[in-house]
>>> print(open('structure.cif').read())   # mmCIF, N, CA and C atoms
data_input
#
loop_
_atom_site.label_atom_id
_atom_site.label_comp_id
_atom_site.auth_asym_id
_atom_site.auth_seq_id
_atom_site.Cartn_x
_atom_site.Cartn_y
_atom_site.Cartn_z
N MET A 254 -9.21 -22.12 -38.05
CA MET A 254 -9.79 -23.29 -37.45
C MET A 254 -8.65 -24.25 -37.07
N PRO A 255 -8.69 -24.81 -35.86
CA PRO A 255 -7.61 -25.71 -35.45
C PRO A 255 -7.66 -27.03 -36.22
N ALA A 256 -6.50 -27.62 -36.33
CA ALA A 256 -6.41 -28.92 -36.99
C ALA A 256 -7.08 -29.98 -36.11
N VAL A 257 -7.47 -31.08 -36.73
CA VAL A 257 -8.14 -32.17 -36.03
C VAL A 257 -7.25 -32.73 -34.92
N THR A 258 -5.95 -32.73 -35.15
CA THR A 258 -5.03 -33.28 -34.14
C THR A 258 -4.92 -32.38 -32.92
N ASP A 259 -5.28 -31.10 -33.05
CA ASP A 259 -5.22 -30.16 -31.92
C ASP A 259 -6.48 -30.18 -31.07
N LEU A 260 -7.53 -30.81 -31.55
CA LEU A 260 -8.82 -30.78 -30.85
C LEU A 260 -8.77 -31.41 -29.45
N PRO A 261 -8.13 -32.54 -29.21
CA PRO A 261 -8.11 -33.09 -27.85
C PRO A 261 -7.48 -32.12 -26.83
N ALA A 262 -6.39 -31.46 -27.22
CA ALA A 262 -5.76 -30.50 -26.31
C ALA A 262 -6.67 -29.31 -26.08
N LEU A 263 -7.33 -28.84 -27.12
CA LEU A 263 -8.25 -27.71 -27.00
C LEU A 263 -9.45 -28.06 -26.11
N ILE A 264 -9.99 -29.25 -26.28
CA ILE A 264 -11.11 -29.69 -25.45
C ILE A 264 -10.68 -29.82 -23.99
N GLY A 265 -9.47 -30.33 -23.77
CA GLY A 265 -8.96 -30.42 -22.40
C GLY A 265 -8.79 -29.06 -21.75
N ARG A 266 -8.30 -28.11 -22.52
CA ARG A 266 -8.12 -26.74 -21.98
C ARG A 266 -9.47 -26.10 -21.68
N LEU A 267 -10.44 -26.31 -22.55
CA LEU A 267 -11.78 -25.79 -22.29
C LEU A 267 -12.39 -26.40 -21.03
N ALA A 268 -12.14 -27.67 -20.79
CA ALA A 268 -12.64 -28.32 -19.58
C ALA A 268 -11.99 -27.72 -18.34
N GLN A 269 -10.69 -27.41 -18.42
CA GLN A 269 -10.00 -26.76 -17.29
C GLN A 269 -10.61 -25.40 -17.00
N LEU A 270 -10.80 -24.60 -18.06
CA LEU A 270 -11.38 -23.27 -17.88
C LEU A 270 -12.81 -23.35 -17.34
N HIS A 271 -13.58 -24.33 -17.80
CA HIS A 271 -14.95 -24.53 -17.31
C HIS A 271 -14.94 -24.85 -15.81
N ALA A 272 -14.05 -25.74 -15.40
CA ALA A 272 -13.95 -26.11 -13.98
C ALA A 272 -13.52 -24.90 -13.15
N LEU A 273 -12.58 -24.12 -13.65
CA LEU A 273 -12.14 -22.93 -12.94
C LEU A 273 -13.27 -21.92 -12.78
N ALA A 274 -14.04 -21.72 -13.84
CA ALA A 274 -15.17 -20.79 -13.78
C ALA A 274 -16.22 -21.27 -12.77
N LEU A 275 -16.51 -22.56 -12.76
CA LEU A 275 -17.48 -23.10 -11.79
C LEU A 275 -16.97 -22.94 -10.36
N ALA A 276 -15.69 -23.18 -10.14
CA ALA A 276 -15.12 -23.04 -8.79
C ALA A 276 -15.23 -21.60 -8.31
N ARG A 277 -14.99 -20.66 -9.20
CA ARG A 277 -15.10 -19.25 -8.80
C ARG A 277 -16.53 -18.84 -8.52
N LEU A 278 -17.47 -19.42 -9.26
CA LEU A 278 -18.88 -19.12 -9.00
C LEU A 278 -19.32 -19.68 -7.66
N LEU A 279 -18.85 -20.88 -7.33
CA LEU A 279 -19.26 -21.53 -6.09
C LEU A 279 -18.56 -20.96 -4.87
N HIS A 280 -17.34 -20.50 -5.04
CA HIS A 280 -16.54 -19.96 -3.93
C HIS A 280 -15.95 -18.61 -4.34
N PRO A 281 -16.76 -17.55 -4.30
CA PRO A 281 -16.24 -16.25 -4.74
C PRO A 281 -15.09 -15.79 -3.85
N ALA A 282 -14.21 -15.04 -4.41
CA ALA A 282 -13.06 -14.52 -3.66
C ALA A 282 -13.54 -13.53 -2.62
N GLU A 283 -12.79 -13.43 -1.53
CA GLU A 283 -13.13 -12.48 -0.48
C GLU A 283 -12.87 -11.07 -1.00
N PRO A 284 -13.67 -10.11 -0.58
CA PRO A 284 -13.41 -8.74 -1.03
C PRO A 284 -12.06 -8.26 -0.48
N ALA A 285 -11.44 -7.40 -1.23
CA ALA A 285 -10.14 -6.86 -0.82
C ALA A 285 -10.33 -6.03 0.44
N PRO A 286 -9.39 -6.11 1.38
CA PRO A 286 -9.52 -5.31 2.60
C PRO A 286 -9.43 -3.83 2.28
N VAL A 287 -10.14 -3.05 3.07
CA VAL A 287 -10.13 -1.61 2.90
C VAL A 287 -8.80 -1.08 3.43
N VAL A 288 -8.09 -0.36 2.59
CA VAL A 288 -6.81 0.20 2.98
C VAL A 288 -7.00 1.66 3.35
N GLU A 289 -6.51 2.00 4.52
CA GLU A 289 -6.59 3.38 4.98
C GLU A 289 -5.73 4.24 4.07
N SER A 290 -6.30 5.35 3.62
CA SER A 290 -5.54 6.22 2.73
C SER A 290 -4.40 6.90 3.50
N ASP A 291 -3.40 7.30 2.77
CA ASP A 291 -2.23 7.92 3.38
C ASP A 291 -1.98 9.26 2.70
N ARG A 292 -1.66 10.25 3.48
CA ARG A 292 -1.29 11.56 2.95
C ARG A 292 0.15 11.83 3.31
N LEU A 293 0.84 12.56 2.47
CA LEU A 293 2.18 13.01 2.81
C LEU A 293 2.06 14.42 3.35
N LEU A 294 2.53 14.59 4.57
CA LEU A 294 2.41 15.86 5.27
C LEU A 294 3.70 16.65 5.19
N SER A 295 3.56 17.97 5.21
CA SER A 295 4.75 18.82 5.32
C SER A 295 5.26 18.74 6.76
N ALA A 296 6.45 19.26 6.98
CA ALA A 296 7.01 19.25 8.34
C ALA A 296 6.13 20.04 9.30
N GLU A 297 5.55 21.11 8.83
CA GLU A 297 4.68 21.93 9.68
C GLU A 297 3.41 21.18 10.06
N GLU A 298 2.81 20.48 9.08
CA GLU A 298 1.59 19.70 9.37
C GLU A 298 1.90 18.55 10.31
N ALA A 299 3.00 17.85 10.08
CA ALA A 299 3.37 16.72 10.94
C ALA A 299 3.71 17.19 12.35
N SER A 300 4.35 18.34 12.47
CA SER A 300 4.73 18.83 13.80
C SER A 300 3.50 19.17 14.63
N ALA A 301 2.43 19.62 13.97
CA ALA A 301 1.20 19.92 14.70
C ALA A 301 0.59 18.64 15.29
N LEU A 302 0.81 17.50 14.65
CA LEU A 302 0.26 16.24 15.15
C LEU A 302 1.09 15.61 16.26
N CYS A 303 2.40 15.81 16.21
CA CYS A 303 3.25 15.05 17.14
C CYS A 303 3.93 15.90 18.22
N GLY A 304 3.89 17.20 18.10
CA GLY A 304 4.48 18.03 19.15
C GLY A 304 5.97 18.29 19.00
N LEU A 305 6.58 17.82 17.92
CA LEU A 305 7.98 18.14 17.65
C LEU A 305 8.03 19.33 16.70
N THR A 306 9.13 20.05 16.73
CA THR A 306 9.27 21.18 15.81
C THR A 306 9.57 20.64 14.41
N PRO A 307 9.31 21.44 13.38
CA PRO A 307 9.66 21.00 12.04
C PRO A 307 11.16 20.66 11.90
N HIS A 308 12.02 21.41 12.56
CA HIS A 308 13.45 21.14 12.51
C HIS A 308 13.77 19.78 13.15
N GLN A 309 13.14 19.47 14.28
CA GLN A 309 13.36 18.17 14.93
C GLN A 309 12.91 17.02 14.03
N LEU A 310 11.78 17.19 13.37
CA LEU A 310 11.28 16.15 12.47
C LEU A 310 12.24 15.93 11.31
N LYS A 311 12.73 17.02 10.74
CA LYS A 311 13.61 16.91 9.58
C LYS A 311 14.97 16.32 9.93
N SER A 312 15.43 16.57 11.15
CA SER A 312 16.78 16.14 11.50
C SER A 312 16.85 14.72 12.07
N ARG A 313 15.73 14.15 12.49
CA ARG A 313 15.72 12.79 13.06
C ARG A 313 15.55 11.73 11.99
N ARG A 314 16.06 10.54 12.31
CA ARG A 314 15.81 9.38 11.45
C ARG A 314 14.50 8.76 11.89
N LEU A 315 13.47 8.94 11.11
CA LEU A 315 12.14 8.46 11.46
C LEU A 315 11.63 7.52 10.36
N PRO A 316 10.93 6.45 10.75
CA PRO A 316 10.50 5.47 9.75
C PRO A 316 9.44 6.01 8.79
N PHE A 317 8.76 7.09 9.13
CA PHE A 317 7.69 7.63 8.29
C PHE A 317 8.14 8.85 7.49
N LYS A 318 9.42 9.17 7.54
CA LYS A 318 9.96 10.30 6.79
C LYS A 318 10.24 9.87 5.37
N ARG A 319 9.79 10.66 4.41
CA ARG A 319 9.99 10.36 2.99
C ARG A 319 10.72 11.53 2.33
N ARG A 320 11.80 11.23 1.64
CA ARG A 320 12.52 12.25 0.89
C ARG A 320 12.00 12.23 -0.54
N ILE A 321 11.50 13.37 -0.98
CA ILE A 321 10.97 13.51 -2.34
C ILE A 321 11.86 14.54 -3.03
N GLY A 322 12.68 14.08 -3.91
CA GLY A 322 13.60 14.98 -4.56
C GLY A 322 14.80 15.25 -3.68
N HIS A 323 15.56 16.25 -4.05
CA HIS A 323 16.81 16.55 -3.35
C HIS A 323 16.59 17.24 -2.01
N ARG A 324 15.65 18.18 -1.97
CA ARG A 324 15.48 18.99 -0.75
C ARG A 324 14.12 18.84 -0.09
N THR A 325 13.20 18.18 -0.71
CA THR A 325 11.84 18.10 -0.19
C THR A 325 11.68 16.87 0.70
N ILE A 326 11.16 17.10 1.90
CA ILE A 326 10.90 16.02 2.86
C ILE A 326 9.42 16.07 3.22
N ARG A 327 8.79 14.91 3.19
CA ARG A 327 7.39 14.78 3.60
C ARG A 327 7.31 13.65 4.61
N PHE A 328 6.18 13.60 5.31
CA PHE A 328 5.98 12.63 6.37
C PHE A 328 4.66 11.90 6.15
N SER A 329 4.71 10.57 6.19
CA SER A 329 3.52 9.75 6.00
C SER A 329 2.60 9.93 7.22
N GLU A 330 1.39 10.37 6.95
CA GLU A 330 0.44 10.58 8.05
C GLU A 330 0.12 9.26 8.75
N ARG A 331 -0.11 8.22 7.97
CA ARG A 331 -0.41 6.91 8.56
C ARG A 331 0.78 6.41 9.38
N GLY A 332 1.99 6.52 8.82
CA GLY A 332 3.18 6.09 9.55
C GLY A 332 3.40 6.88 10.82
N LEU A 333 3.13 8.18 10.76
CA LEU A 333 3.27 9.03 11.94
C LEU A 333 2.29 8.61 13.03
N ARG A 334 1.05 8.33 12.65
CA ARG A 334 0.06 7.92 13.66
C ARG A 334 0.42 6.57 14.29
N VAL A 335 0.93 5.63 13.48
CA VAL A 335 1.38 4.34 14.02
C VAL A 335 2.54 4.57 14.98
N TRP A 336 3.48 5.39 14.60
CA TRP A 336 4.65 5.70 15.43
C TRP A 336 4.22 6.33 16.75
N LEU A 337 3.26 7.25 16.70
CA LEU A 337 2.78 7.90 17.93
C LEU A 337 2.10 6.90 18.86
N ARG A 338 1.31 5.96 18.30
CA ARG A 338 0.68 4.94 19.14
C ARG A 338 1.73 4.08 19.83
N ARG A 339 2.80 3.75 19.13
CA ARG A 339 3.84 2.91 19.71
C ARG A 339 4.66 3.67 20.76
N GLN A 340 4.76 4.98 20.65
CA GLN A 340 5.52 5.77 21.59
C GLN A 340 4.81 5.93 22.93
N SER A 341 3.49 5.84 22.92
CA SER A 341 2.76 6.07 24.19
C SER A 341 2.50 4.80 24.94
#
>>> encode(input="structure.cif", output="structure tokens")
Amino acid sequence: MPAVTDLPALIGRLAQLHALALARLLHPAEPAPVVESDRLLSAEEASALCGLTPHQLKSRRLPFKRRIGHRTIRFSERGLRVWLRRQS
């Protein structure tokens, strides 16, 4: 049980929390935006979408290329689609 001298601070904190709870009830937060899911594609899968060969994809500096480990390269499907829209 808190000491009598701590009660004013405790009551003040409870009033703050009460006001915060009321504000959230009156003005609920906006729902989080829906984020498009992203898949990591192999070079063969990505090449089918963009018309480049797997070798061309692996050898170019592309913003959607992801290196996973020492030798594994994957390509962000979402990043690839954004890149293709900007290219046309």
>>> resolve_selection(input="structure.cif", expression="the PyMOL selection byres (((chain A and resi 315-332 and name CA) around 10) and name CA)", output="list in words")
Glu289, Ser290, Asp291, Arg292, Leu293, Leu294, Ser295, Ala296, Glu297, Glu298, Ala299, Ser300, Leu302, Leu310, Lys311, Ser312, Arg313, Arg314, Leu333, Arg334, Val335, Trp336, Leu337 and Arg338 of chain A
>>> select_by_dssp(input="structure.cif", residues="chain A", states="alpha helix (DSSP H)", output="number ranges by chain")
A: 260-279, 296-303, 307-312, 330-340
>>> atom_distance(input="structure.cif", atom1="CA of Ala282 (chain A)", atom2="CA of Gly265 (chain A)")
24.9 Å
>>> axis_aligned_box(input="structure.cif", around="region 321-326 of chain A", padding_each_side="6 Å", output="lines of an AutoDock Vina configuration file")
center_x = 13.1
center_y = 16.2
center_z = -0.7
size_x = 19.4
size_y = 17.6
size_z = 19.8
>>> build_atoms(input="structure.cif", residues="region 310-327 of chain A", atoms="N, CA, C and O atoms", output="compact mmCIF listing (two decimals), in the frame of the given file")
# COMPACT_ATOMS: atom_id res chain seq x y z
N LEU A 310 11.78 17.19 13.37
CA LEU A 310 11.28 16.15 12.47
C LEU A 310 12.24 15.93 11.31
O LEU A 310 12.53 14.80 10.93
N LYS A 311 12.73 17.02 10.74
CA LYS A 311 13.61 16.91 9.58
C LYS A 311 14.97 16.32 9.93
O LYS A 311 15.57 15.63 9.12
N SER A 312 15.43 16.57 11.15
CA SER A 312 16.78 16.14 11.50
C SER A 312 16.85 14.72 12.07
O SER A 312 17.92 14.14 12.13
N ARG A 313 15.73 14.15 12.49
CA ARG A 313 15.72 12.79 13.06
C ARG A 313 15.55 11.73 11.99
O ARG A 313 14.98 11.97 10.94
N ARG A 314 16.06 10.54 12.31
CA ARG A 314 15.81 9.38 11.45
C ARG A 314 14.50 8.76 11.89
O ARG A 314 14.43 8.13 12.95
N LEU A 315 13.47 8.94 11.11
CA LEU A 315 12.14 8.46 11.46
C LEU A 315 11.63 7.52 10.36
O LEU A 315 11.85 7.79 9.17
N PRO A 316 10.93 6.45 10.75
CA PRO A 316 10.50 5.47 9.75
C PRO A 316 9.44 6.01 8.79
O PRO A 316 9.23 5.46 7.72
N PHE A 317 8.76 7.09 9.13
CA PHE A 317 7.69 7.63 8.29
C PHE A 317 8.14 8.85 7.49
O PHE A 317 7.34 9.47 6.82
N LYS A 318 9.42 9.17 7.54
CA LYS A 318 9.96 10.30 6.79
C LYS A 318 10.24 9.87 5.37
O LYS A 318 10.85 8.83 5.13
N ARG A 319 9.79 10.66 4.41
CA ARG A 319 9.99 10.36 2.99
C ARG A 319 10.72 11.53 2.33
O ARG A 319 10.29 12.67 2.45
N ARG A 320 11.80 11.23 1.64
CA ARG A 320 12.52 12.25 0.89
C ARG A 320 12.00 12.23 -0.54
O ARG A 320 12.04 11.22 -1.21
N ILE A 321 11.50 13.37 -0.98
CA ILE A 321 10.97 13.51 -2.34
C ILE A 321 11.86 14.54 -3.03
O ILE A 321 11.80 15.71 -2.73
N GLY A 322 12.68 14.08 -3.91
CA GLY A 322 13.60 14.98 -4.56
C GLY A 322 14.80 15.25 -3.68
O GLY A 322 15.05 14.57 -2.68
N HIS A 323 15.56 16.25 -4.05
CA HIS A 323 16.81 16.55 -3.35
C HIS A 323 16.59 17.24 -2.01
O HIS A 323 17.22 16.92 -1.01
N ARG A 324 15.65 18.18 -1.97
CA ARG A 324 15.48 18.99 -0.75
C ARG A 324 14.12 18.84 -0.09
O ARG A 324 13.90 19.36 1.00
N THR A 325 13.20 18.18 -0.71
CA THR A 325 11.84 18.10 -0.19
C THR A 325 11.68 16.87 0.70
O THR A 325 11.99 15.76 0.29
N ILE A 326 11.16 17.10 1.90
CA ILE A 326 10.90 16.02 2.86
C ILE A 326 9.42 16.07 3.22
O ILE A 326 8.88 17.13 3.52
N ARG A 327 8.79 14.91 3.19
CA ARG A 327 7.39 14.78 3.60
C ARG A 327 7.31 13.65 4.61
O ARG A 327 8.20 12.82 4.73
